[in-house]
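Colleague: For reference, the structure I am asking about is given below.
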Amino acid sequence: MKKKIMIEMSATLIHHGHIRLIKKARKYGDVLIALTKDNQIKKHKGYNPELSYRFRKEILTEIIGVKKVIPSDWLINQKFLDKYKVDIIISGSDYKNRKFQTKSINFKRTKFISSKIIRKKAMKILKKKNEK
């Protein structure tokens, strides 16, 4: 039986950094994605995501190797990992200081990409367009 590998993400704007993390996680077993719920993004980031949970889940579910997408709060805990019988949690390096009983692997973030960067770039383009 393959190991259950969990990745947590918000994926408000899905990009190649997300895909690369999923590809790395697939090498360890079946990938479960703990996807942050809309209300948690609003609470912790201060905005409603461009894509609702429903659409983010639909996209992520179709990615090769993703076995299941599970709604989650902003930060998951050991109780959440135990509930889904997770063998390994995989995160970006921005979460390297969190400690779980479950084995944890951290990968460096993909350079020069994040939903925040995409959002800023889009706003800059819109602002420029509106100035014309």
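Each chain of the structure tokens is named A, B, ... in the order shown, its residues numbered from 1; ligands are numbered from 1 in display order.
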Using only C-alpha atoms, which residues of segment 58-95 of chain A come within 7 Å of segment 100-115 of chain A, and what is the closest atom pair for each, with the distance in Å to one decimal? Give it as JSON lines, sorted by chain and residue number.
Modeller:
{"residue": "A:Gln78", "atom": "CA", "partner": "A:Phe100", "partner_atom": "CA", "distance": 6.0}
{"residue": "A:Asp87", "atom": "CA", "partner": "A:Thr102", "partner_atom": "CA", "distance": 6.3}
{"residue": "A:Ile88", "atom": "CA", "partner": "A:Lys103", "partner_atom": "CA", "distance": 4.9}
{"residue": "A:Ile89", "atom": "CA", "partner": "A:Ser104", "partner_atom": "CA", "distance": 4.9}
{"residue": "A:Ile90", "atom": "CA", "partner": "A:Ile105", "partner_atom": "CA", "distance": 4.8}
{"residue": "A:Ser91", "atom": "CA", "partner": "A:Asn106", "partner_atom": "CA", "distance": 4.9}
{"residue": "A:Gly92", "atom": "CA", "partner": "A:Phe107", "partner_atom": "CA", "distance": 5.0}
{"residue": "A:Ser93", "atom": "CA", "partner": "A:Lys108", "partner_atom": "CA", "distance": 4.9}
Colleague: Could you save those same residues with all heavy atoms as a PDB file, in the first residue's frame?
Modeller:
ATOM      1  N   GLN A  78      -1.574  18.191  14.181  1.00  0.00           N
ATOM      2  CA  GLN A  78      -1.361  16.746  14.258  1.00  0.00           C
ATOM      3  C   GLN A  78      -2.682  15.979  14.259  1.00  0.00           C
ATOM      4  O   GLN A  78      -2.789  14.919  13.647  1.00  0.00           O
ATOM      5  CB  GLN A  78      -0.525  16.394  15.489  1.00  0.00           C
ATOM      6  CG  GLN A  78      -0.106  14.939  15.537  1.00  0.00           C
ATOM      7  CD  GLN A  78       0.759  14.532  14.359  1.00  0.00           C
ATOM      8  OE1 GLN A  78       1.738  15.203  14.048  1.00  0.00           O
ATOM      9  NE2 GLN A  78       0.420  13.433  13.698  1.00  0.00           N
ATOM     10  N   ASP A  87       1.062   9.732   6.347  1.00  0.00           N
ATOM     11  CA  ASP A  87       2.390   9.199   6.660  1.00  0.00           C
ATOM     12  C   ASP A  87       3.466  10.278   6.612  1.00  0.00           C
ATOM     13  O   ASP A  87       4.406  10.264   7.399  1.00  0.00           O
ATOM     14  CB  ASP A  87       2.749   8.080   5.669  1.00  0.00           C
ATOM     15  CG  ASP A  87       1.803   6.899   5.792  1.00  0.00           C
ATOM     16  OD1 ASP A  87       1.739   6.304   6.888  1.00  0.00           O
ATOM     17  OD2 ASP A  87       1.112   6.591   4.802  1.00  0.00           O
ATOM     18  N   ILE A  88       3.334  11.206   5.652  1.00  0.00           N
ATOM     19  CA  ILE A  88       4.329  12.275   5.479  1.00  0.00           C
ATOM     20  C   ILE A  88       3.602  13.557   5.115  1.00  0.00           C
ATOM     21  O   ILE A  88       2.726  13.552   4.253  1.00  0.00           O
ATOM     22  CB  ILE A  88       5.336  11.941   4.352  1.00  0.00           C
ATOM     23  CG1 ILE A  88       6.074  10.636   4.644  1.00  0.00           C
ATOM     24  CG2 ILE A  88       6.337  13.094   4.159  1.00  0.00           C
ATOM     25  CD1 ILE A  88       6.919  10.128   3.463  1.00  0.00           C
ATOM     26  N   ILE A  89       3.988  14.655   5.740  1.00  0.00           N
ATOM     27  CA  ILE A  89       3.487  15.971   5.345  1.00  0.00           C
ATOM     28  C   ILE A  89       4.604  16.690   4.608  1.00  0.00           C
ATOM     29  O   ILE A  89       5.745  16.696   5.059  1.00  0.00           O
ATOM     30  CB  ILE A  89       2.979  16.813   6.530  1.00  0.00           C
ATOM     31  CG1 ILE A  89       2.630  18.228   6.054  1.00  0.00           C
ATOM     32  CG2 ILE A  89       3.971  16.915   7.650  1.00  0.00           C
ATOM     33  CD1 ILE A  89       1.300  18.700   6.400  1.00  0.00           C
ATOM     34  N   ILE A  90       4.275  17.231   3.447  1.00  0.00           N
ATOM     35  CA  ILE A  90       5.254  17.950   2.628  1.00  0.00           C
ATOM     36  C   ILE A  90       4.825  19.410   2.549  1.00  0.00           C
ATOM     37  O   ILE A  90       3.664  19.703   2.274  1.00  0.00           O
ATOM     38  CB  ILE A  90       5.368  17.321   1.227  1.00  0.00           C
ATOM     39  CG1 ILE A  90       6.010  15.937   1.368  1.00  0.00           C
ATOM     40  CG2 ILE A  90       6.154  18.227   0.283  1.00  0.00           C
ATOM     41  CD1 ILE A  90       6.254  15.215   0.068  1.00  0.00           C
ATOM     42  N   SER A  91       5.780  20.283   2.804  1.00  0.00           N
ATOM     43  CA  SER A  91       5.508  21.724   2.815  1.00  0.00           C
ATOM     44  C   SER A  91       6.606  22.474   2.100  1.00  0.00           C
ATOM     45  O   SER A  91       7.699  21.946   1.888  1.00  0.00           O
ATOM     46  CB  SER A  91       5.445  22.247   4.259  1.00  0.00           C
ATOM     47  OG  SER A  91       4.543  21.526   5.045  1.00  0.00           O
ATOM     48  N   GLY A  92       6.313  23.748   1.820  1.00  0.00           N
ATOM     49  CA  GLY A  92       7.337  24.646   1.329  1.00  0.00           C
ATOM     50  C   GLY A  92       8.226  25.070   2.482  1.00  0.00           C
ATOM     51  O   GLY A  92       7.862  24.917   3.661  1.00  0.00           O
ATOM     52  N   SER A  93       9.377  25.606   2.168  1.00  0.00           N
ATOM     53  CA  SER A  93      10.358  25.973   3.192  1.00  0.00           C
ATOM     54  C   SER A  93       9.858  27.041   4.158  1.00  0.00           C
ATOM     55  O   SER A  93      10.395  27.184   5.251  1.00  0.00           O
ATOM     56  CB  SER A  93      11.660  26.433   2.532  1.00  0.00           C
ATOM     57  OG  SER A  93      11.400  27.499   1.639  1.00  0.00           O
TER      58      SER A  93
END
Colleague: Using only C-alpha atoms, determine which residues lie at most 7 Å from segment 33-36 of chain A, disregarding the query and same-chain residues fewer than 3 positions distant; provide the list as number ranges by chain.
Modeller: A: 6-10, 40-41, 68-74
Colleague: Could you tell me how far atom CA of Ile76 of chain A lies from atom CA of Glu62 of chain A, in Å and to one decimal?
Modeller: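 Interatomic distance, atom CA of Ile76 of chain A to atom CA of Glu62 of chain A: 23.0 Å.
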Colleague: Could you give me, as a list in words, each residue of segment 36-108 of chain A that DSSP assigns to helix (DSSP H, G or I) when run on this structure's backbone?
Modeller: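 In segment 36-108 of chain A, DSSP puts these residues in helix (DSSP H, G or I): Asp38, Asn39, Gln40, Ile41, Lys42, Lys43, His44, Lys45, Tyr53, Arg54, Phe55, Arg56, Lys57, Glu58, Ile59, Leu60, Thr61, Gln78, Lys79, Phe80, Leu81, Asp82, Lys83, Ser93, Asp94 and Tyr95 of chain A.
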Colleague: Go through A:Ala11, A:Leu32, A:Ile63, A:Ile117 one by one, measure the shortest atom-to-atom distance of each to Val86 of chain A using only C-alpha atoms, and give the residue with the smallest value.
Modeller: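 Among the listed residues, the smallest separation from Val86 of chain A belongs to A:Leu32.
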Colleague: Between A:Lys99, A:Lys57, A:Lys129, A:His16, which one has atoms that come closest to Lys37 of chain A, using only C-alpha atoms?
Modeller: A:Lys57
Colleague: Among chain A, which ones does DSSP place in strand (DSSP E or B), written as a VMD selection string?
Modeller: chain A and resid 4 to 9 30 to 36 66 to 72 88 to 92 103 to 107
Colleague: Only C-alpha atoms, please: the residues just picked out, written as a PDB file, in the first residue's frame.
Modeller:
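Final output, result-v4.pdb:
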ATOM      1  CA  LYS A   4      -0.380   8.903   2.239  1.00  0.00           C
ATOM      2  CA  ILE A   5       1.377  12.162   1.525  1.00  0.00           C
ATOM      3  CA  MET A   6      -0.248  15.453   2.452  1.00  0.00           C
ATOM      4  CA  ILE A   7       0.457  18.893   1.041  1.00  0.00           C
ATOM      5  CA  GLU A   8      -1.317  21.919   2.458  1.00  0.00           C
ATOM      6  CA  MET A   9      -1.983  24.877   0.224  1.00  0.00           C
ATOM      7  CA  ASP A  30      -0.506   9.070  -2.866  1.00  0.00           C
ATOM      8  CA  VAL A  31      -1.031  12.824  -2.617  1.00  0.00           C
ATOM      9  CA  LEU A  32      -3.760  14.347  -0.483  1.00  0.00           C
ATOM     10  CA  ILE A  33      -4.097  18.124  -0.602  1.00  0.00           C
ATOM     11  CA  ALA A  34      -5.332  19.991   2.455  1.00  0.00           C
ATOM     12  CA  LEU A  35      -6.883  22.979   0.686  1.00  0.00           C
ATOM     13  CA  THR A  36      -7.559  26.108   2.721  1.00  0.00           C
ATOM     14  CA  VAL A  66      -3.655  13.987  -6.641  1.00  0.00           C
ATOM     15  CA  LYS A  67      -5.827  11.370  -4.975  1.00  0.00           C
ATOM     16  CA  LYS A  68      -7.990  13.630  -2.841  1.00  0.00           C
ATOM     17  CA  VAL A  69      -8.525  17.294  -1.936  1.00  0.00           C
ATOM     18  CA  ILE A  70      -9.675  17.930   1.630  1.00  0.00           C
ATOM     19  CA  PRO A  71     -11.001  21.206   3.083  1.00  0.00           C
ATOM     20  CA  SER A  72      -8.740  22.593   5.788  1.00  0.00           C
ATOM     21  CA  ILE A  88       4.329  12.275   5.479  1.00  0.00           C
ATOM     22  CA  ILE A  89       3.487  15.971   5.345  1.00  0.00           C
ATOM     23  CA  ILE A  90       5.254  17.950   2.628  1.00  0.00           C
ATOM     24  CA  SER A  91       5.508  21.724   2.815  1.00  0.00           C
ATOM     25  CA  GLY A  92       7.337  24.646   1.329  1.00  0.00           C
ATOM     26  CA  LYS A 103       7.287  12.779   9.304  1.00  0.00           C
ATOM     27  CA  SER A 104       7.751  16.167   7.658  1.00  0.00           C
ATOM     28  CA  ILE A 105       9.645  17.086   4.482  1.00  0.00           C
ATOM     29  CA  ASN A 106      10.227  20.665   3.357  1.00  0.00           C
ATOM     30  CA  PHE A 107      11.164  21.785  -0.134  1.00  0.00           C
TER      31      PHE A 107
END
Colleague: Between atom CA of Lys120 of chain A and atom CA of Pro49 of chain A, what is the distance, to one decimal in Å?
Modeller: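 A separation of 13.8 Å between them.
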Colleague: Hey, what's within 10 Å of Asn39 of chain A if we count only C-alpha atoms and toss same-chain stuff fewer than 5 positions away? As a PyMOL selection string, please?
Modeller: chain A and resi 44-49+52-53+73-74
Colleague: Can you write just those residues out, N, CA, C and O atoms, as a PDB file, in the first residue's frame?
Modeller:
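Result file follows (selection_10.pdb):
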ATOM      1  N   HIS A  44      -7.351  35.156   7.376  1.00  0.00           N
ATOM      2  CA  HIS A  44      -5.902  35.257   7.587  1.00  0.00           C
ATOM      3  C   HIS A  44      -5.164  36.108   6.555  1.00  0.00           C
ATOM      4  O   HIS A  44      -4.099  36.646   6.854  1.00  0.00           O
ATOM      5  N   LYS A  45      -5.711  36.205   5.345  1.00  0.00           N
ATOM      6  CA  LYS A  45      -5.042  37.014   4.316  1.00  0.00           C
ATOM      7  C   LYS A  45      -5.774  38.327   4.043  1.00  0.00           C
ATOM      8  O   LYS A  45      -5.220  39.215   3.415  1.00  0.00           O
ATOM      9  N   GLY A  46      -7.028  38.403   4.480  1.00  0.00           N
ATOM     10  CA  GLY A  46      -7.771  39.648   4.358  1.00  0.00           C
ATOM     11  C   GLY A  46      -8.476  39.864   3.033  1.00  0.00           C
ATOM     12  O   GLY A  46      -8.903  40.977   2.731  1.00  0.00           O
ATOM     13  N   TYR A  47      -8.612  38.841   2.218  1.00  0.00           N
ATOM     14  CA  TYR A  47      -9.324  38.984   0.940  1.00  0.00           C
ATOM     15  C   TYR A  47      -9.995  37.667   0.588  1.00  0.00           C
ATOM     16  O   TYR A  47      -9.637  36.608   1.091  1.00  0.00           O
ATOM     17  N   ASN A  48     -10.982  37.770  -0.291  1.00  0.00           N
ATOM     18  CA  ASN A  48     -11.622  36.562  -0.820  1.00  0.00           C
ATOM     19  C   ASN A  48     -10.775  36.058  -1.981  1.00  0.00           C
ATOM     20  O   ASN A  48     -10.346  36.861  -2.814  1.00  0.00           O
ATOM     21  N   PRO A  49     -10.523  34.761  -2.043  1.00  0.00           N
ATOM     22  CA  PRO A  49      -9.689  34.240  -3.131  1.00  0.00           C
ATOM     23  C   PRO A  49     -10.334  34.463  -4.498  1.00  0.00           C
ATOM     24  O   PRO A  49     -11.565  34.495  -4.615  1.00  0.00           O
ATOM     25  N   SER A  52     -12.924  30.360  -5.981  1.00  0.00           N
ATOM     26  CA  SER A  52     -13.537  29.812  -4.767  1.00  0.00           C
ATOM     27  C   SER A  52     -12.979  28.411  -4.484  1.00  0.00           C
ATOM     28  O   SER A  52     -12.379  27.774  -5.357  1.00  0.00           O
ATOM     29  N   TYR A  53     -13.192  27.952  -3.260  1.00  0.00           N
ATOM     30  CA  TYR A  53     -12.738  26.615  -2.860  1.00  0.00           C
ATOM     31  C   TYR A  53     -13.189  25.580  -3.891  1.00  0.00           C
ATOM     32  O   TYR A  53     -12.415  24.736  -4.319  1.00  0.00           O
ATOM     33  N   ASP A  73      -8.434  24.180   7.536  1.00  0.00           N
ATOM     34  CA  ASP A  73      -8.274  25.497   8.130  1.00  0.00           C
ATOM     35  C   ASP A  73      -6.948  26.076   7.668  1.00  0.00           C
ATOM     36  O   ASP A  73      -6.191  25.427   6.940  1.00  0.00           O
ATOM     37  N   TRP A  74      -6.642  27.282   8.113  1.00  0.00           N
ATOM     38  CA  TRP A  74      -5.417  27.981   7.712  1.00  0.00           C
ATOM     39  C   TRP A  74      -4.179  27.144   7.979  1.00  0.00           C
ATOM     40  O   TRP A  74      -3.355  26.944   7.104  1.00  0.00           O
TER      41      TRP A  74
END
